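Coordinates from input-v4.txt are shown below (compact mmCIF, C-alpha atoms and all ligand atoms).
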```txt
# COMPACT_ATOMS: atom_id res chain seq x y z
CA MET Z 1 0.00 0.00 0.00
CA GLU Z 2 1.57 3.25 -1.11
CA ILE Z 3 0.58 6.41 -2.95
CA GLY Z 4 3.02 8.00 -5.34
CA ILE Z 5 2.88 11.76 -5.78
CA LEU Z 6 3.07 12.80 -9.41
CA GLY Z 7 3.04 16.24 -10.96
CA LEU Z 8 4.88 18.50 -13.35
CA PRO Z 9 8.06 20.15 -12.01
CA GLN Z 10 7.34 22.86 -9.41
CA SER Z 11 3.69 21.98 -9.01
CA GLY Z 12 3.89 21.66 -5.22
CA LYS Z 13 4.55 17.91 -4.84
CA SER Z 14 7.10 18.25 -2.06
CA THR Z 15 5.14 20.96 -0.26
CA LEU Z 16 2.06 18.73 -0.14
CA PHE Z 17 4.11 15.69 0.85
CA GLU Z 18 5.67 17.64 3.72
CA ILE Z 19 2.41 18.91 5.18
CA MET Z 20 0.83 15.48 4.96
CA THR Z 21 3.70 13.44 6.40
CA GLY Z 22 5.74 15.92 8.45
CA VAL Z 23 8.85 14.68 6.62
CA ARG Z 24 11.02 17.51 5.25
CA SER Z 25 11.45 16.21 1.74
CA ARG Z 26 13.20 19.30 0.44
CA ASP Z 27 15.94 18.93 3.06
CA VAL Z 28 16.83 15.49 1.73
CA HIS Z 29 19.47 15.63 -0.97
CA GLY Z 30 20.87 13.01 -3.28
CA GLU Z 31 18.00 10.57 -2.80
CA PRO Z 32 15.78 9.64 -5.75
CA CYS Z 33 12.73 9.63 -3.52
CA VAL Z 34 11.52 10.29 0.00
CA ARG Z 35 8.95 8.17 1.78
CA GLY Z 36 6.72 9.21 4.64
CA GLN Z 37 3.58 8.19 6.50
CA ALA Z 38 0.52 10.40 6.81
CA SER Z 39 -1.91 9.92 9.66
CA VAL Z 40 -5.50 9.67 8.52
CA PRO Z 41 -7.66 12.17 10.41
CA ASP Z 42 -10.63 10.38 11.91
CA LYS Z 43 -13.02 11.94 14.44
CA ARG Z 44 -14.05 8.50 15.65
CA PHE Z 45 -10.48 7.63 16.50
CA ASP Z 46 -10.02 10.93 18.36
CA LYS Z 47 -13.17 10.22 20.35
CA LEU Z 48 -11.95 6.75 21.35
CA VAL Z 49 -8.64 8.22 22.51
CA GLU Z 50 -10.57 10.75 24.56
CA ILE Z 51 -12.59 7.96 26.19
CA TYR Z 52 -9.78 5.50 26.92
CA ARG Z 53 -6.89 7.93 27.48
CA PRO Z 54 -4.44 5.20 26.43
CA LEU Z 55 -0.66 5.19 26.84
CA ARG Z 56 -0.34 4.90 23.09
CA ALA Z 57 -2.62 6.11 20.33
CA VAL Z 58 -1.90 4.87 16.81
CA PRO Z 59 -4.07 6.25 14.01
CA ALA Z 60 -4.42 4.73 10.54
CA ARG Z 61 -1.61 5.71 8.21
CA VAL Z 62 -1.09 6.05 4.49
CA PRO Z 63 2.43 5.89 3.04
CA PHE Z 64 3.28 8.53 0.44
CA THR Z 65 6.31 8.80 -1.84
CA ASP Z 66 7.74 12.05 -3.14
CA VAL Z 67 10.05 11.70 -6.12
CA ASN Z 68 13.04 14.00 -6.61
CA ALA Z 69 13.77 13.37 -10.22
CA ALA Z 70 15.81 15.66 -12.41
CA GLY Z 71 17.98 15.49 -15.48
CA GLU Z 72 17.79 13.31 -18.54
CA LYS Z 73 16.73 10.10 -16.85
CA ALA Z 74 14.11 11.78 -14.67
CA TRP Z 75 11.16 10.01 -16.20
CA GLU Z 76 12.83 6.62 -15.92
CA MET Z 77 13.57 7.31 -12.29
CA VAL Z 78 9.96 8.26 -11.60
CA ARG Z 79 8.79 5.10 -13.31
CA GLN Z 80 11.11 2.87 -11.31
CA THR Z 81 10.47 4.54 -7.99
CA LEU Z 82 6.72 4.42 -8.34
CA SER Z 83 6.34 1.02 -10.01
CA GLY Z 84 5.15 -0.42 -6.69
CA ALA Z 85 2.78 2.41 -5.81
CA GLU Z 86 -0.77 1.18 -5.62
CA GLY Z 87 -2.34 4.57 -6.24
CA LEU Z 88 -1.29 7.93 -7.64
CA LEU Z 89 -1.86 11.45 -6.43
CA HIS Z 90 -1.63 13.82 -9.38
CA ILE Z 91 -1.06 17.38 -8.24
CA VAL Z 92 -1.65 20.25 -10.64
CA ASP Z 93 -0.31 23.79 -10.38
CA GLY Z 94 -3.38 25.97 -10.02
CA PHE Z 95 -1.60 28.89 -8.35
CA SER Z 96 0.79 30.36 -10.88
CA ASP Z 97 -2.00 31.78 -13.02
CA ASP Z 98 -5.79 32.00 -12.80
CA SER Z 99 -6.66 30.64 -16.19
CA ILE Z 100 -8.65 27.41 -16.01
CA SER Z 101 -7.54 26.31 -19.44
CA ALA Z 102 -3.88 26.71 -18.42
CA MET Z 103 -4.55 24.45 -15.43
CA VAL Z 104 -6.27 21.90 -17.63
CA ASN Z 105 -3.38 22.00 -20.08
CA ARG Z 106 -0.93 21.29 -17.30
CA TYR Z 107 -3.06 18.42 -16.11
CA ARG Z 108 -3.30 17.00 -19.61
CA GLN Z 109 0.40 17.36 -20.25
CA LEU Z 110 1.23 14.80 -17.58
CA ALA Z 111 -1.92 12.72 -18.07
CA ASP Z 112 -1.04 12.32 -21.77
CA GLU Z 113 2.53 11.40 -20.85
CA LEU Z 114 1.20 8.59 -18.68
CA ILE Z 115 -1.15 7.39 -21.41
CA LEU Z 116 1.67 7.41 -23.94
CA SER Z 117 3.94 5.54 -21.61
CA ASP Z 118 1.30 2.82 -21.14
CA LEU Z 119 0.70 2.71 -24.87
CA VAL Z 120 4.36 1.88 -25.50
CA VAL Z 121 4.12 -1.02 -23.05
CA VAL Z 122 0.94 -2.33 -24.68
CA GLU Z 123 2.44 -2.11 -28.17
CA ASN Z 124 5.57 -3.96 -27.07
CA ARG Z 125 3.50 -6.65 -25.47
CA ARG Z 126 1.44 -7.09 -28.64
CA GLN Z 127 4.59 -7.36 -30.74
CA ARG Z 128 5.98 -10.04 -28.47
CA LEU Z 129 2.77 -12.01 -28.43
CA LEU Z 130 2.68 -12.03 -32.23
CA LYS Z 131 5.86 -14.09 -32.14
CA VAL Z 132 4.34 -16.77 -29.94
CA ALA Z 133 2.53 -19.57 -31.76
CA LYS Z 134 -1.15 -19.54 -30.88
CA LYS Z 135 -1.18 -23.13 -29.66
CA THR Z 136 1.67 -22.61 -27.26
CA LEU Z 137 0.11 -19.61 -25.50
CA LYS Z 138 -0.12 -20.02 -21.73
CA PRO Z 139 -3.34 -18.89 -19.98
CA PRO Z 140 -2.15 -15.41 -18.94
CA GLU Z 141 -0.79 -14.91 -22.46
CA SER Z 142 -4.11 -15.76 -24.07
CA LEU Z 143 -5.71 -13.29 -21.73
CA HIS Z 144 -3.19 -10.67 -22.87
CA VAL Z 145 -3.93 -11.44 -26.52
CA GLU Z 146 -7.55 -10.70 -25.77
CA LEU Z 147 -6.97 -7.63 -23.64
CA MET Z 148 -4.18 -5.73 -25.36
CA PRO Z 149 -6.17 -4.59 -28.42
CA ARG Z 150 -8.91 -3.23 -26.16
CA MET Z 151 -6.33 -1.46 -24.08
CA GLN Z 152 -4.58 -0.04 -27.10
CA GLU Z 153 -7.85 1.34 -28.44
CA GLN Z 154 -8.61 2.95 -25.09
CA LEU Z 155 -5.19 4.59 -24.82
CA GLU Z 156 -5.22 5.73 -28.43
CA SER Z 157 -8.46 7.55 -27.78
CA GLY Z 158 -6.68 9.41 -25.00
CA ARG Z 159 -8.45 7.69 -22.14
CA PRO Z 160 -6.89 5.99 -19.10
CA LEU Z 161 -7.02 2.23 -18.63
CA ARG Z 162 -8.79 2.50 -15.30
CA GLU Z 163 -11.99 3.40 -17.16
CA LEU Z 164 -12.13 -0.04 -18.77
CA SER Z 165 -14.23 -2.45 -16.80
CA LEU Z 166 -11.89 -5.33 -16.10
CA THR Z 167 -12.52 -8.43 -14.04
CA ALA Z 168 -10.42 -9.28 -11.00
CA GLU Z 169 -8.74 -12.00 -13.05
CA GLU Z 170 -7.86 -9.53 -15.80
CA HIS Z 171 -6.48 -7.05 -13.29
CA HIS Z 172 -4.37 -9.80 -11.83
CA ALA Z 173 -3.02 -10.78 -15.25
CA LEU Z 174 -1.93 -7.17 -15.82
CA SER Z 175 -0.47 -6.46 -12.41
CA SER Z 176 3.18 -7.07 -13.33
CA PHE Z 177 3.14 -4.29 -15.97
CA SER Z 178 2.57 -1.47 -13.45
CA PHE Z 179 0.46 0.49 -15.94
CA TRP Z 180 0.21 4.10 -14.84
CA THR Z 181 -3.32 4.69 -15.95
CA LEU Z 182 -4.70 1.45 -14.56
CA ARG Z 183 -3.98 2.55 -11.03
CA PRO Z 184 -6.50 4.67 -9.14
CA GLU Z 185 -5.69 8.36 -9.27
CA LEU Z 186 -6.58 11.26 -7.04
CA VAL Z 187 -6.37 14.67 -8.67
CA VAL Z 188 -5.41 17.58 -6.45
CA LEU Z 189 -5.49 21.17 -7.66
CA ASN Z 190 -2.97 23.28 -5.79
CA VAL Z 191 -4.78 26.61 -5.85
CA GLY Z 192 -3.74 30.12 -4.90
CA GLU Z 193 -5.05 31.79 -1.76
CA ASP Z 194 -8.48 32.58 -3.13
CA GLY Z 195 -8.55 30.07 -5.90
CA PHE Z 196 -10.98 27.51 -4.49
CA SER Z 197 -13.72 28.55 -6.89
CA ALA Z 198 -11.53 27.23 -9.73
CA VAL Z 199 -11.74 23.63 -8.56
CA GLU Z 200 -15.15 22.73 -9.97
CA ALA Z 201 -14.56 24.55 -13.26
CA PHE Z 202 -11.25 22.74 -13.61
CA ARG Z 203 -12.85 19.34 -12.98
CA ALA Z 204 -15.56 20.00 -15.56
CA GLU Z 205 -13.21 21.32 -18.23
CA ALA Z 206 -10.70 18.51 -17.71
CA GLY Z 207 -13.57 16.03 -18.14
CA LEU Z 208 -12.77 14.23 -14.91
CA ALA Z 209 -15.37 11.87 -13.54
CA GLU Z 210 -13.74 11.69 -10.15
CA PRO Z 211 -13.90 14.55 -7.67
CA VAL Z 212 -10.95 16.92 -7.65
CA MET Z 213 -9.63 18.14 -4.34
CA GLY Z 214 -8.59 21.75 -3.95
CA ILE Z 215 -5.87 22.80 -1.57
CA CYS Z 216 -3.66 25.82 -1.13
CA CYS Z 217 -0.43 24.08 -0.16
CA GLU Z 218 1.44 27.26 0.63
CA LEU Z 219 -1.19 28.48 3.11
CA GLU Z 220 -1.48 25.11 4.75
CA ALA Z 221 2.29 24.78 5.05
CA GLU Z 222 2.27 28.12 6.86
CA MET Z 223 -0.52 26.94 9.10
CA THR Z 224 1.15 23.68 10.18
CA GLY Z 225 3.88 25.75 11.81
CA LEU Z 226 1.40 27.54 14.10
CA PRO Z 227 0.27 26.55 17.61
CA PRO Z 228 -3.12 24.70 17.66
CA GLU Z 229 -5.15 27.72 18.82
CA GLU Z 230 -3.85 29.92 16.03
CA GLN Z 231 -4.42 27.10 13.55
CA LYS Z 232 -8.09 27.14 14.54
CA GLU Z 233 -8.35 30.88 14.00
CA PHE Z 234 -6.56 30.53 10.69
CA LEU Z 235 -9.02 27.89 9.53
CA SER Z 236 -12.13 29.74 10.61
CA ALA Z 237 -10.87 32.87 8.85
CA LEU Z 238 -10.76 30.73 5.71
CA GLY Z 239 -14.21 29.32 6.46
CA MET Z 240 -12.82 25.81 6.83
CA GLU Z 241 -13.48 23.21 9.50
CA GLU Z 242 -10.31 21.24 9.02
CA PRO Z 243 -7.18 21.59 6.91
CA ALA Z 244 -7.63 20.48 3.31
CA PHE Z 245 -4.58 18.24 3.53
CA GLY Z 246 -6.47 16.04 6.01
CA ARG Z 247 -9.21 15.57 3.44
CA VAL Z 248 -6.61 14.72 0.82
CA ILE Z 249 -5.15 12.01 3.08
CA ARG Z 250 -8.60 10.58 3.75
CA ALA Z 251 -9.43 10.59 0.06
CA ALA Z 252 -6.16 8.77 -0.69
CA PHE Z 253 -7.03 6.19 1.92
CA THR Z 254 -10.45 5.48 0.43
CA LEU Z 255 -9.00 5.63 -3.08
CA LEU Z 256 -7.07 2.49 -2.21
CA GLY Z 257 -10.24 0.80 -0.95
CA ARG Z 258 -9.04 0.69 2.63
CA ILE Z 259 -11.09 0.83 5.80
CA SER Z 260 -10.08 0.78 9.44
CA TYR Z 261 -11.24 -1.06 12.50
CA PHE Z 262 -10.27 -0.21 16.06
CA THR Z 263 -8.81 -2.03 19.01
CA VAL Z 264 -9.25 -0.18 22.29
CA GLY Z 265 -7.93 -0.32 25.82
CA GLU Z 266 -5.99 1.61 28.41
CA ASP Z 267 -2.66 0.53 26.91
CA GLU Z 268 -3.45 1.37 23.36
CA VAL Z 269 -6.10 2.64 21.01
CA LYS Z 270 -5.22 1.74 17.46
CA ALA Z 271 -6.77 1.96 14.02
CA TRP Z 272 -5.88 -1.05 11.87
CA VAL Z 273 -5.89 -0.71 8.12
CA ILE Z 274 -7.43 -3.46 5.98
CA PRO Z 275 -8.86 -3.74 2.48
CA GLU Z 276 -12.62 -3.33 2.32
CA GLY Z 277 -14.33 -6.73 2.26
CA THR Z 278 -11.81 -8.47 4.52
CA LYS Z 279 -13.11 -11.33 6.66
CA ALA Z 280 -12.46 -11.41 10.40
CA PRO Z 281 -9.54 -13.90 10.52
CA ARG Z 282 -7.59 -12.04 7.83
CA ALA Z 283 -8.37 -8.74 9.54
CA ALA Z 284 -6.91 -10.20 12.73
CA ALA Z 285 -3.68 -10.98 10.88
CA ALA Z 286 -3.08 -7.23 10.64
CA ILE Z 287 -2.39 -7.40 14.37
CA HIS Z 288 -0.49 -10.68 14.39
CA LYS Z 289 -0.22 -13.68 12.07
CA ASP Z 290 -1.03 -16.00 14.98
CA PHE Z 291 -4.36 -14.25 15.42
CA GLU Z 292 -5.41 -15.50 12.01
CA ARG Z 293 -4.18 -19.05 12.52
CA GLY Z 294 -5.74 -19.42 15.95
CA PHE Z 295 -8.85 -17.36 15.24
CA ILE Z 296 -11.88 -18.37 17.29
CA LYS Z 297 -14.28 -15.43 17.40
CA ALA Z 298 -14.38 -11.68 17.01
CA GLU Z 299 -16.19 -9.64 19.61
CA VAL Z 300 -17.54 -6.72 17.61
CA VAL Z 301 -19.36 -3.51 18.36
CA ALA Z 302 -20.02 -0.90 15.70
CA TYR Z 303 -18.60 2.53 16.57
CA ASP Z 304 -22.03 4.21 16.36
CA ASP Z 305 -23.61 1.61 18.67
CA PHE Z 306 -20.74 2.03 21.09
CA MET Z 307 -21.24 5.79 21.18
CA ALA Z 308 -25.02 5.43 21.47
CA CYS Z 309 -24.33 3.44 24.64
CA GLY Z 310 -22.44 6.37 26.13
CA GLY Z 311 -19.03 5.21 24.94
CA SER Z 312 -19.05 2.34 27.42
CA HIS Z 313 -18.19 -1.22 26.45
CA ALA Z 314 -20.06 -2.60 29.49
CA LYS Z 315 -23.23 -0.69 28.57
CA ALA Z 316 -22.94 -1.76 24.94
CA LYS Z 317 -22.68 -5.35 26.09
CA ALA Z 318 -25.67 -5.00 28.41
CA ALA Z 319 -27.67 -3.53 25.52
CA GLY Z 320 -26.80 -6.54 23.36
CA LYS Z 321 -24.78 -4.44 20.93
CA VAL Z 322 -21.59 -6.49 21.27
CA ARG Z 323 -21.79 -9.34 18.79
CA LEU Z 324 -19.76 -12.53 18.62
CA GLU Z 325 -18.79 -13.04 14.99
CA GLY Z 326 -17.21 -16.04 13.29
CA LYS Z 327 -14.81 -16.73 10.42
CA GLU Z 328 -17.15 -15.54 7.68
CA TYR Z 329 -17.83 -12.13 9.19
CA VAL Z 330 -16.81 -9.27 6.90
CA VAL Z 331 -15.28 -6.49 8.99
CA LYS Z 332 -16.94 -3.07 8.61
CA ASP Z 333 -15.34 0.34 8.71
CA GLY Z 334 -15.38 1.60 12.30
CA ASP Z 335 -15.89 -1.77 14.00
CA ILE Z 336 -14.40 -1.96 17.49
CA ILE Z 337 -13.04 -5.48 17.82
CA THR Z 338 -11.54 -7.82 20.39
CA PHE Z 339 -10.29 -11.06 18.87
CA ARG Z 340 -10.49 -14.36 20.66
CA PHE Z 341 -7.87 -16.78 19.52
CA ASN Z 342 -6.03 -19.87 20.51
CA VAL Z 343 -2.36 -20.41 19.70
N1 LIG C 401 1.85 30.58 -4.62
C1 LIG C 401 1.97 29.30 -4.29
N2 LIG C 401 3.17 28.73 -4.43
C2 LIG C 401 3.31 27.43 -4.11
C3 LIG C 401 2.21 26.65 -3.63
N3 LIG C 401 2.65 25.40 -3.40
C4 LIG C 401 3.94 25.39 -3.74
N4 LIG C 401 4.35 26.61 -4.16
C5 LIG C 401 5.71 27.01 -4.59
O1 LIG C 401 6.08 26.30 -5.74
C6 LIG C 401 7.43 25.93 -5.70
C7 LIG C 401 7.56 24.47 -5.87
O2 LIG C 401 7.07 23.76 -4.76
P1 LIG C 401 7.54 22.27 -4.47
O3 LIG C 401 6.63 21.74 -3.42
O4 LIG C 401 8.98 22.17 -4.24
O5 LIG C 401 7.15 21.61 -5.87
P2 LIG C 401 7.65 20.24 -6.48
O6 LIG C 401 6.54 19.81 -7.38
O7 LIG C 401 8.06 19.31 -5.40
O8 LIG C 401 8.90 20.68 -7.33
P3 LIG C 401 10.02 19.74 -7.99
O9 LIG C 401 10.27 18.62 -7.03
O10 LIG C 401 11.18 20.64 -8.16
O11 LIG C 401 9.43 19.30 -9.27
C8 LIG C 401 7.97 26.41 -4.35
O12 LIG C 401 8.67 27.61 -4.55
C9 LIG C 401 6.73 26.62 -3.54
O13 LIG C 401 6.90 27.64 -2.58
C10 LIG C 401 0.95 27.31 -3.48
O14 LIG C 401 -0.04 26.73 -3.04
N5 LIG C 401 0.89 28.63 -3.83
MG MG C 402 9.85 18.19 -5.13
```
Same coordinates, now as structure tokens:
Amino acid sequence: MEIGILGLPQSGKSTLFEIMTGVRSRDVHGEPCVRGQASVPDKRFDKLVEIYRPLRAVPARVPFTDVNAAGEKAWEMVRQTLSGAEGLLHIVDGFSDDSISAMVNRYRQLADELILSDLVVVENRRQRLLKVAKKTLKPPESLHVELMPRMQEQLESGRPLRELSLTAEEHHALSSFSFWTLRPELVVLNVGEDGFSAVEAFRAEAGLAEPVMGICCELEAEMTGLPPEEQKEFLSALGMEEPAFGRVIRAAFTLLGRISYFTVGEDEVKAWVIPEGTKAPRAAAAIHKDFERGFIKAEVVAYDDFMACGGSHAKAKAAGKVRLEGKEYVVKDGDIITFRFNV
């Protein structure tokens, strides 16, 4: 699980990375990339910490990668560094001038580069497959023979591969290629101080189906240096409830199809990150492999039920809100869980 930050030179990649992760990317020299973890803001988690006052509080985290590529081989370096990234955050300069079409052009410049790069890979693959006798094709190869023309057509019409509806099997067969445009992408417009009104116009003109997030990185970088009280004033002056970078982190988290469940106690309150649709034993493995092997039951209470019972586990239990779930239970976002296991 990792999100790679992509954008044209000087679009604000490192600034955004720094405010999200707290890692000073621009102070690191001579490294092709810098990695950092961003904590996912979650009011439910904060509430649980308030209730349990644990020794340790560990929120959900999303890893981000900022690439420092320059020179002739820059593109190759970006490709290599981000080949393992599961999702992409594409940041667009929306601050250096107010023109929407200029912003869209900048977006397209990189988006087209990614499409072209994928197209080269598809064409190469087709060429190679032509040399393999039909009868000797192995199953993934036959799948490629079927898929590649569709993919080529899509890319040639200037559209990303993620818009094709592919089955899980097809996705799997393509995973080793690290196609740029097959991976989920979050578009972030880095606006000037009063540029938030540009976000919707930009999204419409760029023809993006997905929501675009607006953020003024420079302002938010300034704000992160302030004491909490002044941060609050800063935000309310901007008419915002929370910093936009927190929303960007949350959007990145859901972009990857992740959810979190909680374990609570006086020692630790922790948000565990799992893919949506994970069954209880596999979810337990996030804590420890043995928990999966020796899984017996999961004692589960939904966050909302827990809060409706005054934030008390005993009361939730008395009200019958604490369920005992078995191996087939699919963990929900916000579940508070205690695992019972036997090792
Ligand atoms: N006005 C304004 N300037 C910004 C904003 N965000 C970043 N900048 C400026 O843009 C320049 C580039 O920011 P970086 O975060 O280093 O951008 P980058 O994409 O990492 O740049 P490279 O790694 O060199 O490609 C810096 O001088 C920033 O101060 C913004 O929201 N508003
Ligand atoms: Mg940078």
List all protein, DNA and RNA residues that have an atom no more than 12 Å from any atom of ligand MG 402 (chain C), counting only C-alpha atoms and all ligand atoms, and report them as a ChimeraX atom specification.
/Z:5-18,24-29,31-34,65-70,78,91
With a distance cut-off of 9 Å and only C-alpha atoms, select the neighbouring residues of Ala280 in chain Z, excluding the residue or stretch itself and same-chain residues fewer than 5 positions from it, and output the selection as a PyMOL selection string.
chain Z and resi 285+292+295+297-298+325-331+339
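If all atoms listed in the file are the atoms counted, then among Z:Val212, Z:Val188, Z:Met151, Z:Ala244 the closest residue to Asp93 in chain Z is Z:Val188.
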Which neighbours of Lys232 in chain Z fall inside 10 Å, counting all atoms listed in the file, when residues of the same chain fewer than 6 positions from it are skipped, and could you give them as number ranges by chain?
Z: 223, 226, 238, 240-243
Need to verify the contact set: Phe245 in chain Z, 9 Å, all atoms listed in the file, exclusion of same-chain residues closer than 3 positions in sequence. Can you return it as a ChimeraX atom specification?
/Z:16,19-20,215-217,220,242,248-250
Output the selection as an mmCIF file, keeping the file's coordinate frame - C-alpha atoms for each residue.
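Dumped everything to selection.cif:
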```
data_model
loop_
_atom_site.group_PDB
_atom_site.id
_atom_site.type_symbol
_atom_site.label_atom_id
_atom_site.label_comp_id
_atom_site.auth_asym_id
_atom_site.auth_seq_id
_atom_site.Cartn_x
_atom_site.Cartn_y
_atom_site.Cartn_z
ATOM 1 C CA LEU Z 16 2.060 18.730 -0.140
ATOM 2 C CA ILE Z 19 2.410 18.910 5.180
ATOM 3 C CA MET Z 20 0.830 15.480 4.960
ATOM 4 C CA ILE Z 215 -5.870 22.800 -1.570
ATOM 5 C CA CYS Z 216 -3.660 25.820 -1.130
ATOM 6 C CA CYS Z 217 -0.430 24.080 -0.160
ATOM 7 C CA GLU Z 220 -1.480 25.110 4.750
ATOM 8 C CA GLU Z 242 -10.310 21.240 9.020
ATOM 9 C CA VAL Z 248 -6.610 14.720 0.820
ATOM 10 C CA ILE Z 249 -5.150 12.010 3.080
ATOM 11 C CA ARG Z 250 -8.600 10.580 3.750
#
```
Choose the residue, out of Z:Val264, Z:Leu182, Z:Val104, Z:Leu155, that has the smallest atom-to-atom separation from Leu55 in chain Z; count only C-alpha atoms.
Z:Val264
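Using only C-alpha atoms for every distance, the candidate list Z:Leu174, Z:Glu193, Z:Arg258, Z:Leu208 yields Z:Leu208 as the residue closest to Arg159 in chain Z.
The nearest approach to Pro211 in chain Z among the residues Z:Glu185, Z:Glu2, Z:Asp333, Z:Glu76, with only C-alpha atoms taken into account, belongs to Z:Glu185.
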